[in-house]
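Just below is one structure, and these are the notes that go with it.
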Amino acid sequence: LDMVGCTASAGGILQNTEISGWYDNVYVESGYSNVIIRDNWLHDANGEHNVYAGNSCNTSPGFQLIDNILSNSGQGGNNLHLNGRFPGAYIARNIIYNSYTSNMALQMGVSGSTIENNVMWGSWEWPILWYNYYQNTNPSIHAYSQNNNLVRFNTIFYNGTAPNGAIDCTWDVIGARDFSGGSGSLSNPGPPYASFDLGHQIYDSNVIATACIN
């Protein structure tokens, strides 16, 4: 599934579907609001992500990912990757497991959102990652505050294990990385943006367990 374009428009619903084997099994970019992805099995991406939703030229309110199974991301990818301005996203009741990086990467501008009642296990890096950056080849791609999110009632098991069995125990359960000042990449140094807010999140009644040995 591939929805691309910068013209702001209402999104659609993807439901009751199995998708596997594509570079990104679901790819939504730049122009859509109120996208709902529910009751699907999205697995074994052949490139990066099982679900990628990006928006550098518009704001995408109303994104929902509910009651899905996301498993076995592609190498270098996440099971879920939100990359852009996503106010009020709702991510709930998903089973998410086996990722070569993070099971859930929230990048550039996820704010005022709710992440609840998900079960996650089997990620090489952080199970949940908040991440800001700047790309000097496209001025519309830069950091926004990612704050005032509610993360509650989730069960997260971290064992540092990638789908191919490789193990790395150097990561935390929840990560926050701010490269908006240009420190993240020699190829994208960026201007010295002020640091944006990656905090002021509420974590409530989550069950977190770790068991990583290498």
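Going by the structure tokens order, chains are called A, B, ..., each with residues numbered from 1, while ligands are numbered from 1 in the order shown.
Residues in contact with Ile213 of chain A at up to 12 Å, not including ones fewer than 2 positions away on its chain and judged by only C-alpha atoms, are Tyr158, Asn159, Gly160, Thr161, Ala166, Ile167, Asp168, Cys169, Thr170, Thr210 and Ala211 of chain A.
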With C-alpha atoms retained, write the just-selected residues as a PDB file, in the first residue's frame.
ATOM      1  CA  TYR A 158      13.399  -5.999  25.675  1.00  0.00           C
ATOM      2  CA  ASN A 159      15.989  -8.669  24.903  1.00  0.00           C
ATOM      3  CA  GLY A 160      18.173  -6.906  22.316  1.00  0.00           C
ATOM      4  CA  THR A 161      17.567  -9.630  19.753  1.00  0.00           C
ATOM      5  CA  ALA A 166      21.919 -11.265  16.572  1.00  0.00           C
ATOM      6  CA  ILE A 167      22.039  -9.785  20.076  1.00  0.00           C
ATOM      7  CA  ASP A 168      23.098  -6.331  21.317  1.00  0.00           C
ATOM      8  CA  CYS A 169      22.455  -5.374  24.937  1.00  0.00           C
ATOM      9  CA  THR A 170      23.660  -1.752  24.780  1.00  0.00           C
ATOM     10  CA  THR A 210      14.413  -6.841  30.207  1.00  0.00           C
ATOM     11  CA  ALA A 211      16.511  -9.955  29.749  1.00  0.00           C
TER      12      ALA A 211
END
Using only C-alpha atoms, which residues sit within 8 Å of segment 49-56 of chain A once same-chain residues fewer than 2 positions away are excluded, as a PyMOL selection string?
-> chain A and resi 23-31+42-45+47+58-60+70-74+77-85+140-141
Name the residues in contact with segment 201-208 of chain A at a cut-off of 12 Å, using only C-alpha atoms, excluding same-chain residues fewer than 6 positions from it; report them as number ranges by chain.
-> A: 110-121, 127-128, 130, 145-159, 172-174, 176
Could those selected residues go to a file with C-alpha atoms, as a short mmCIF file (atom, residue, chain, number, x, y, z; two decimals), in the first residue's frame?
data_model
loop_
_atom_site.label_atom_id
_atom_site.label_comp_id
_atom_site.auth_asym_id
_atom_site.auth_seq_id
_atom_site.Cartn_x
_atom_site.Cartn_y
_atom_site.Cartn_z
CA VAL A 110 4.59 13.18 17.25
CA SER A 111 2.75 15.15 19.93
CA GLY A 112 -0.37 14.96 22.04
CA SER A 113 -0.73 11.30 21.14
CA THR A 114 -1.78 8.19 23.03
CA ILE A 115 0.08 4.87 22.96
CA GLU A 116 -1.77 2.29 25.03
CA ASN A 117 -2.45 -1.41 25.54
CA ASN A 118 0.24 -2.58 23.10
CA VAL A 119 2.42 -5.65 23.54
CA MET A 120 5.99 -5.42 22.21
CA TRP A 121 8.97 -7.74 22.27
CA PRO A 127 11.52 -0.85 21.82
CA ILE A 128 10.30 2.80 21.72
CA TRP A 130 11.66 9.37 20.20
CA SER A 145 8.65 19.28 19.62
CA GLN A 146 7.53 15.76 20.46
CA ASN A 147 5.84 16.15 23.80
CA ASN A 148 2.66 15.76 25.83
CA ASN A 149 2.23 12.14 24.75
CA LEU A 150 0.58 9.53 26.95
CA VAL A 151 2.16 6.06 27.07
CA ARG A 152 0.14 3.73 29.27
CA PHE A 153 -0.91 0.12 29.92
CA ASN A 154 1.71 -1.30 27.52
CA THR A 155 3.67 -4.51 28.04
CA ILE A 156 7.24 -4.25 26.75
CA PHE A 157 9.89 -6.96 26.81
CA TYR A 158 13.40 -6.00 25.67
CA ASN A 159 15.99 -8.67 24.90
CA ASP A 172 17.58 1.08 26.73
CA VAL A 173 13.86 0.30 26.71
CA ILE A 174 12.86 3.87 25.81
CA ALA A 176 15.16 9.96 23.19
#
Sel. of strand (DSSP E) residues, segment 122-183 of chain A, as a PDB file with N, CA and C atoms, in the first residue's frame:
ATOM      1  N   GLY A 122      11.118  -8.336  21.318  1.00  0.00           N
ATOM      2  CA  GLY A 122      12.028  -8.712  20.245  1.00  0.00           C
ATOM      3  C   GLY A 122      12.494  -7.559  19.389  1.00  0.00           C
ATOM      4  N   SER A 123      13.256  -6.610  19.968  1.00  0.00           N
ATOM      5  CA  SER A 123      13.837  -5.531  19.168  1.00  0.00           C
ATOM      6  C   SER A 123      15.333  -5.473  19.417  1.00  0.00           C
ATOM      7  N   ILE A 128      10.927   1.534  22.100  1.00  0.00           N
ATOM      8  CA  ILE A 128      10.300   2.802  21.722  1.00  0.00           C
ATOM      9  C   ILE A 128      11.388   3.862  21.625  1.00  0.00           C
ATOM     10  N   LEU A 129      11.413   4.578  20.508  1.00  0.00           N
ATOM     11  CA  LEU A 129      12.419   5.623  20.297  1.00  0.00           C
ATOM     12  C   LEU A 129      11.752   6.926  19.872  1.00  0.00           C
ATOM     13  N   TRP A 130      12.002   8.006  20.613  1.00  0.00           N
ATOM     14  CA  TRP A 130      11.658   9.370  20.204  1.00  0.00           C
ATOM     15  C   TRP A 130      12.904   9.965  19.566  1.00  0.00           C
ATOM     16  N   TYR A 131      12.762  10.608  18.386  1.00  0.00           N
ATOM     17  CA  TYR A 131      13.947  10.931  17.603  1.00  0.00           C
ATOM     18  C   TYR A 131      13.710  12.197  16.797  1.00  0.00           C
ATOM     19  N   ASN A 132      14.587  13.186  16.940  1.00  0.00           N
ATOM     20  CA  ASN A 132      14.533  14.416  16.143  1.00  0.00           C
ATOM     21  C   ASN A 132      15.796  14.562  15.309  1.00  0.00           C
ATOM     22  N   TYR A 133      15.651  15.142  14.109  1.00  0.00           N
ATOM     23  CA  TYR A 133      16.821  15.366  13.264  1.00  0.00           C
ATOM     24  C   TYR A 133      16.538  16.494  12.279  1.00  0.00           C
ATOM     25  N   LEU A 150       0.960  10.429  25.871  1.00  0.00           N
ATOM     26  CA  LEU A 150       0.580   9.530  26.953  1.00  0.00           C
ATOM     27  C   LEU A 150       0.905   8.095  26.541  1.00  0.00           C
ATOM     28  N   VAL A 151       1.764   7.444  27.325  1.00  0.00           N
ATOM     29  CA  VAL A 151       2.161   6.059  27.070  1.00  0.00           C
ATOM     30  C   VAL A 151       1.723   5.241  28.279  1.00  0.00           C
ATOM     31  N   ARG A 152       0.693   4.397  28.101  1.00  0.00           N
ATOM     32  CA  ARG A 152       0.139   3.729  29.275  1.00  0.00           C
ATOM     33  C   ARG A 152      -0.342   2.308  28.942  1.00  0.00           C
ATOM     34  N   THR A 155       2.770  -3.473  27.554  1.00  0.00           N
ATOM     35  CA  THR A 155       3.672  -4.514  28.037  1.00  0.00           C
ATOM     36  C   THR A 155       4.845  -4.601  27.076  1.00  0.00           C
ATOM     37  N   ILE A 156       6.055  -4.351  27.591  1.00  0.00           N
ATOM     38  CA  ILE A 156       7.244  -4.254  26.752  1.00  0.00           C
ATOM     39  C   ILE A 156       8.313  -5.182  27.304  1.00  0.00           C
ATOM     40  N   PHE A 157       8.801  -6.059  26.442  1.00  0.00           N
ATOM     41  CA  PHE A 157       9.892  -6.961  26.812  1.00  0.00           C
ATOM     42  C   PHE A 157      11.069  -6.684  25.880  1.00  0.00           C
ATOM     43  N   TYR A 158      12.205  -6.304  26.463  1.00  0.00           N
ATOM     44  CA  TYR A 158      13.399  -5.999  25.675  1.00  0.00           C
ATOM     45  C   TYR A 158      14.458  -7.072  25.907  1.00  0.00           C
ATOM     46  N   ILE A 174      13.424   2.685  26.446  1.00  0.00           N
ATOM     47  CA  ILE A 174      12.863   3.875  25.812  1.00  0.00           C
ATOM     48  C   ILE A 174      14.004   4.852  25.545  1.00  0.00           C
ATOM     49  N   GLY A 175      14.124   5.308  24.306  1.00  0.00           N
ATOM     50  CA  GLY A 175      15.199   6.214  23.934  1.00  0.00           C
ATOM     51  C   GLY A 175      14.665   7.559  23.477  1.00  0.00           C
ATOM     52  N   ALA A 176      15.465   8.619  23.697  1.00  0.00           N
ATOM     53  CA  ALA A 176      15.160   9.956  23.187  1.00  0.00           C
ATOM     54  C   ALA A 176      16.458  10.542  22.642  1.00  0.00           C
ATOM     55  N   ARG A 177      16.491  10.821  21.331  1.00  0.00           N
ATOM     56  CA  ARG A 177      17.708  11.317  20.687  1.00  0.00           C
ATOM     57  C   ARG A 177      17.380  12.589  19.904  1.00  0.00           C
ATOM     58  N   ASP A 178      18.136  13.635  20.155  1.00  0.00           N
ATOM     59  CA  ASP A 178      17.903  14.919  19.494  1.00  0.00           C
ATOM     60  C   ASP A 178      19.118  15.256  18.636  1.00  0.00           C
ATOM     61  N   PHE A 179      18.966  15.084  17.312  1.00  0.00           N
ATOM     62  CA  PHE A 179      20.013  15.451  16.360  1.00  0.00           C
ATOM     63  C   PHE A 179      19.640  16.722  15.592  1.00  0.00           C
TER      64      PHE A 179
END
Can you pull out every residue within 12 Å of Ile66 of chain A, counting only C-alpha atoms, but drop anything in the same chain fewer than 3 positions away, and send it as a list in words?
->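 Here the qualifying residues turn out to be Ile13, Leu14, Gln15, Asn16, Val35, Ile36, Ile37, Arg38, Asp39, Asn40, Trp41, Phe63, Ile69, Leu70, Leu80, Ala89, Tyr90, Ile91, Ala92, Arg93, Asn94, Ile95, Ile96, Thr114, Ile115, Glu116, Asn117, Asn118 and Val119 of chain A.
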Among listed residues A:Asn164, A:Ser102, A:Thr17, A:Gln107, nearest Leu198 of chain A (using only C-alpha atoms) =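 Of the candidates, the smallest distance to Leu198 of chain A is held by A:Gln107.
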Provide the atom CA of Leu106 of chain A to atom CA of Glu48 of chain A distance in Å, to one decimal place.
->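 The value is 14.9 Å.
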